[in-house]
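Beneath this line is the structure, given in structure tokens, with notes to follow.
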Amino acid sequence: MKVSLNWLKEFVDIDMPPDKLGDALTMAGLEVEDIERKGQKLNEFVVGKILDIKPHSNSDRLSVCEVDAGAKTLSVVCGANNMKIGDFSPLALPGTKLADGTKIRESRIRGVASQGVLLAEDEMGLTNDHTGIMILKNDLRPGRPFSDVMDLEDWIFDINLTPNRVDCSSIVGVAREIGALTKKKIRMPEINITWGDRPINDLASITVLDSTGCPRYSAGLVENVNIAQSPFWMRYRLHSCGIRPISNVVDITNYILLELGQPLHAFDYHILSGKKIVVKRAEKGQSFTTLDNQIRELDDSTLMICDGEQAVAIAGIMGGLNSEITEKTRSVLIESAYFNPTMIRRSSKKISLSTEASYRFERGIDIEGVDTALKRSLMLISQIAGGEIANGIIDLYPEPWKPPKILLDVNKANTILGIYTRPKEVSDHLSYLDMDVKITEKEKLEIIPPSYRVDIARDADIIEEIARSIGYDKIPATVPHISSRADIISGSALKNRIKDCLVSMGFNEIITYSFISPKSADILGAEENSDLRSFVKLLNPLSQDQSVMRTSLLPGLFSTARLNSIRGHNDLRIFEWGKVYIKGEDELPDEKLVLAALITGMENPKNWCQAAREMDFFDIKGVAENILEAIGIHNSEFQKTDLKPAYDNNEYARISSSGTVTGIIGKASKKVLEGYEINQNAYVLELDIDALSPLSKWEKTFKPLNKFPAVKRDISIIIDQSVESAYIVNLAKQKGRNLVESVDIFDVYQGKGIDSREKALAIRISYRSDKRTLTDKEVNRVHDEIIKEIRRKTGGRLREG
């Protein structure tokens with residue numbers, strides 16, 4: 001929105017320079033994007049007096065003017081025809097530049113010398129008018145700088161308004177803000193009407209059939225007007241603010257739009273059938289031709305302004321071509337109304353038409369200012385276009401606006417803003433914003449905002465106004481009080497950490513459809529009552545293979561592995577992060593966030609320095625351990641319990657963390673591999689992200705390096721095959737208490753010399769104290785206790801030789 005500084009000064013006293021004013025408005029929430037200086041080069045032009053006008057000898061449309069330029073008399077060829085002998089006009093002498101950058105030179109036009117240019121308004125950048133040269137008032141001194149004759153220097157502020165500040169989409173609105181910032185009162189535009197004798201109710205009638213869409217509609221009438229060009233001062237202001245001048249009556253409606261923020265519309269009164277206005281909805285499929293000569297297709301949600309027979313305007317958006325103001329218009333009916341913002345916004349988008357009026361209506365204008373803007377327009381029309389104002393106005397306003405009462409706790413405001421202000425200070429700030437403030441208790445205020453502040457409805461809005469009044473730049477920066485302890489990882493942070501960990505291990509992420517085939521449960525070997533069969537069925541599936549929501553991520557991984565195998569890519573590390581959907585008793589399914597990963601093929605190929613090795617169960621176990629360590633979950637257990645469908649019963653484990661089952665790892669069963677036509681072993685991992693999330697930690701602890709030496713002892717023990725290695729490790733750690741630093745299994749043997757139902761484990765235990773150097777006697781005692789405990793709990797025996 002463009003705002004003229006000179007126009008602002010009519011309503012509020014402004015002492016600060018333009019750049020300081022721009023900074024102040026920006027810090028108050030009205031972002032000034034640009035400040036343009038206007039009219040500063042007008043001193044390059046001079047006043048010329050036309051002494052004589054002669055026809056051009058070689059052109060019927062040109063004339064040769066003898067012009068007094070002060071110091072000398074010049075011959076100027078001119079194409080305009082609106083001047084006469086004795087007129088004064090701006091003159092560009094050779095060497096000066098016009099607004100578009102054209103440099104004036106002495107030249108010959110059709111064989112006649114021309115020593116300058118008599119200027120039109122657009123050539124000086126004043127308006128868009130090029131119908132003739134600009135005629136100045138009489139009794140001026142020729143040769144005098146044009147800037148001395150007309151003081152047109154101005155500053156134009158280009159303000160970017162936020163959607164909620166429609167109250168500032170006018171000159172008066174911005175003046176209010178400046179008044180609040182500088183603690184100065186504003187002056188409202190003059191309204192002084194001389195009413196005519198004929199009552200408006202005898203001349204026109206208004207009917208509103210949709211009071212929801214149009215809560216208030218006002219109208220006034222001016223008869224016997226003369227449609228002509230607007231005076232220069234009005235055209236100059238409109239042009240400076242980005243509005244194209246058209247004619248006096250239309251320009252006045254646009255002038256009020258910019259001045260007060262109230263959109264108006266002027267109808268040719270004598271074209272209105274039945275001399276009436278009816279506000280109602282359009283009919284579905286109705287067509288309407290707007291002022292821009294475009295045919296608009298409407299529906300029954302669009303509000304229309306109609307006369308006795310037909311539609312004449314789209315309410316709040318644009319008028320119709322069938323009732324526009326023309327040179328033949330002699331009486332005008334002026335509309336000033338409040339339309340439902342939601343309805344205007346929807347209609348504007350549906351017909352793809354946005355205007356200055358719809359911009360304001362769809363954000364909510366001042367419903368209490370409707371009649372004020374109407375009366376101001378009637379006064380200006382009678383002054384500029386002549387005519388007689390019909391006595392009174394029609395104002396349909398069935399449910400007058402009731403102001404909201406907002407209670408504010410000053411202590412709450414201070415806490416939110418991080419400052420300290422007393423209730424009296426807050427009251428003063430808000431009073432300058434035209435709010436009615438009453439101190440009800442010691443630290444509490446009752447506030448009634450003005451009708452034009454449609455954005456204020458609760459205490460949070462008031463607190464924002466306090467911050468704006470004080471100045472955002474004056475509110476000190478403070479550091480929030482937060483706990484320094486590491487908290488639970490959640491949301492995207494957990495997701496990113498796990499993904500980064502997998503990528504660092506050579507994995508690629510895949511994204512598959514959430515729709516799968518119900519046959520996937522059969523391939524995975526799911527039992528009848530298994531969650532894998534609790535499908536959510538699609539009402540309109542694309543195909544049978546995508547007819548249900550997935551209950552597992554495994555079908556997507558196996559299908560991707562099969563497709564890669566077909567294309568010769570047999571060595572894979574892939575994972576997917578996504579939701580599975582389990583149908584429950586409720587209407588909506590139970591959604592679970594899951595991570596699944598798959599490895600298959602060779603860990604490393606055969607080369608000169610190493611043998612080829614196929615990926616196995618311990619590779620997928622290592623992947624799981626790395627993920628858990630990355631998110632701060634330590635000492636998880638891998639237990640071979642509760643076999644799940646789709647897994648091989650010999651290479652399978654559930655993952656438990658802090659007593660909670662958080663995942664599964666294992667080798668895919670032969671049935672699954674055959675079902676997905678995969679011809680090599682595949683190992684998969686499933687993690688329950690919802691279960692892992694509350695257990696994960698950002699916290700990292702530092703443990704200083706131990707300065708005392710470690711003592712290592714080995715054990716070779718024969719135990720039953722059913723005894724898990726992790727059980728042996730845990731026994732050693734528990735029995736050794738704080739002296740056992742680590743327990744590692746460095747060899748497993750099965751074969752000659754050992755019963756086929758047994759296995760031999762080689763265990764290395766590292767002993768170390770953080771307080772002293774351990775003696776052999778201390779180590780031997782603890783080591784013997786560990787061996788006894790293992791033998792007692794497992795029935796094992798030491799291996800000889």
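Identifiers for the structure tokens are assigned positionally: chains receive A, B, ... in sequence, residues are indexed from 1 per chain, and ligands are indexed from 1 in the order shown.
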
Who sits within 7 Å of A:Ala682, only C-alpha atoms, same chain under 4 positions skipped, as JSON, numbers by chain
{"A": [598, 599, 600, 667, 668]}

DSSP strand (DSSP E) residues within stretch 465-662 of chain A, as a PyMOL selection string:
chain A and resi 508-509+515-516+548-549+572-582+590-600+602-604+613-614+637-639+647-657+660-662

Mind dumping the selected residues with C-alpha atoms as a tab-separated table (two decimals), in the first residue's frame?
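Saved the output as again11.tsv:
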chain	number	residue	atom	x	y	z
A	508	ASN	CA	19.90	-46.66	1.38
A	509	GLU	CA	16.45	-45.44	2.37
A	515	PHE	CA	-1.14	-50.02	0.27
A	516	ILE	CA	-0.27	-53.73	-0.03
A	548	VAL	CA	-5.36	-52.89	2.15
A	549	MET	CA	-3.23	-50.68	4.39
A	572	LEU	CA	21.76	-54.73	-0.58
A	573	ARG	CA	21.47	-52.64	2.59
A	574	ILE	CA	18.05	-50.93	2.60
A	575	PHE	CA	15.71	-49.47	5.22
A	576	GLU	CA	12.32	-47.78	5.47
A	577	TRP	CA	10.85	-45.45	8.11
A	578	GLY	CA	7.07	-45.35	8.15
A	579	LYS	CA	3.77	-46.19	9.76
A	580	VAL	CA	1.86	-49.44	9.89
A	581	TYR	CA	-1.92	-49.55	10.37
A	582	ILE	CA	-3.56	-52.11	12.63
A	590	ASP	CA	-4.00	-47.97	15.44
A	591	GLU	CA	-1.02	-46.28	13.75
A	592	LYS	CA	2.46	-47.37	14.79
A	593	LEU	CA	5.75	-45.81	13.74
A	594	VAL	CA	8.25	-48.49	12.72
A	595	LEU	CA	11.76	-48.76	11.29
A	596	ALA	CA	12.60	-51.81	9.21
A	597	ALA	CA	15.92	-52.71	7.57
A	598	LEU	CA	17.13	-55.56	5.32
A	599	ILE	CA	20.60	-56.83	4.41
A	600	THR	CA	21.41	-59.50	1.85
A	602	MET	CA	28.05	-60.15	0.36
A	603	GLU	CA	29.54	-58.12	3.17
A	604	ASN	CA	32.72	-57.81	1.12
A	613	ARG	CA	32.07	-63.11	3.27
A	614	GLU	CA	28.31	-63.31	3.10
A	637	GLU	CA	19.35	-57.65	25.53
A	638	PHE	CA	18.87	-59.97	22.54
A	639	GLN	CA	16.76	-62.97	23.55
A	647	TYR	CA	11.70	-65.43	10.76
A	648	ASP	CA	13.92	-68.53	10.82
A	649	ASN	CA	13.56	-70.23	14.21
A	650	ASN	CA	17.32	-70.85	14.52
A	651	GLU	CA	18.49	-67.28	13.81
A	652	TYR	CA	16.13	-64.94	15.53
A	653	ALA	CA	16.03	-62.65	18.60
A	654	ARG	CA	13.78	-60.13	20.29
A	655	ILE	CA	15.39	-56.91	21.51
A	656	SER	CA	14.58	-55.74	25.04
A	657	SER	CA	15.57	-52.32	26.38
A	660	THR	CA	10.48	-53.19	27.14
A	661	VAL	CA	10.41	-55.15	23.88
A	662	THR	CA	11.66	-52.64	21.29

For stretch 88-92 of chain A, list every protein, DNA or RNA residue within 9 Å, evaluated using only C-alpha atoms, and leave out those in the same chain fewer than 3 positions away; present the list as a ChimeraX atom specification.
/A:44-50,67,69,83,85,95-98,104,116-120,133-140,142-143,145-146

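Residues lying within 12 Å of A:Gln229, counting only C-alpha atoms and ignoring same-chain neighbours fewer than 2 positions away, are Asp129, Thr131, Asn226, Ile227, Pro231, Phe232, Trp233, Met234, Arg235, Pro245, Ile246, Ser247, Asn248, Val249, Val250, Asp251, Ile252, Thr326, Glu327, Ile384 and Ala385 of chain A.
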
Stretch 630-632 of chain A: which residues within 12 Å, counting only C-alpha atoms, same-chain residues fewer than 2 positions away excluded, as a PyMOL selection string?
chain A and resi 486-490+493-502+504+623-628+634-636+657+689+692-701
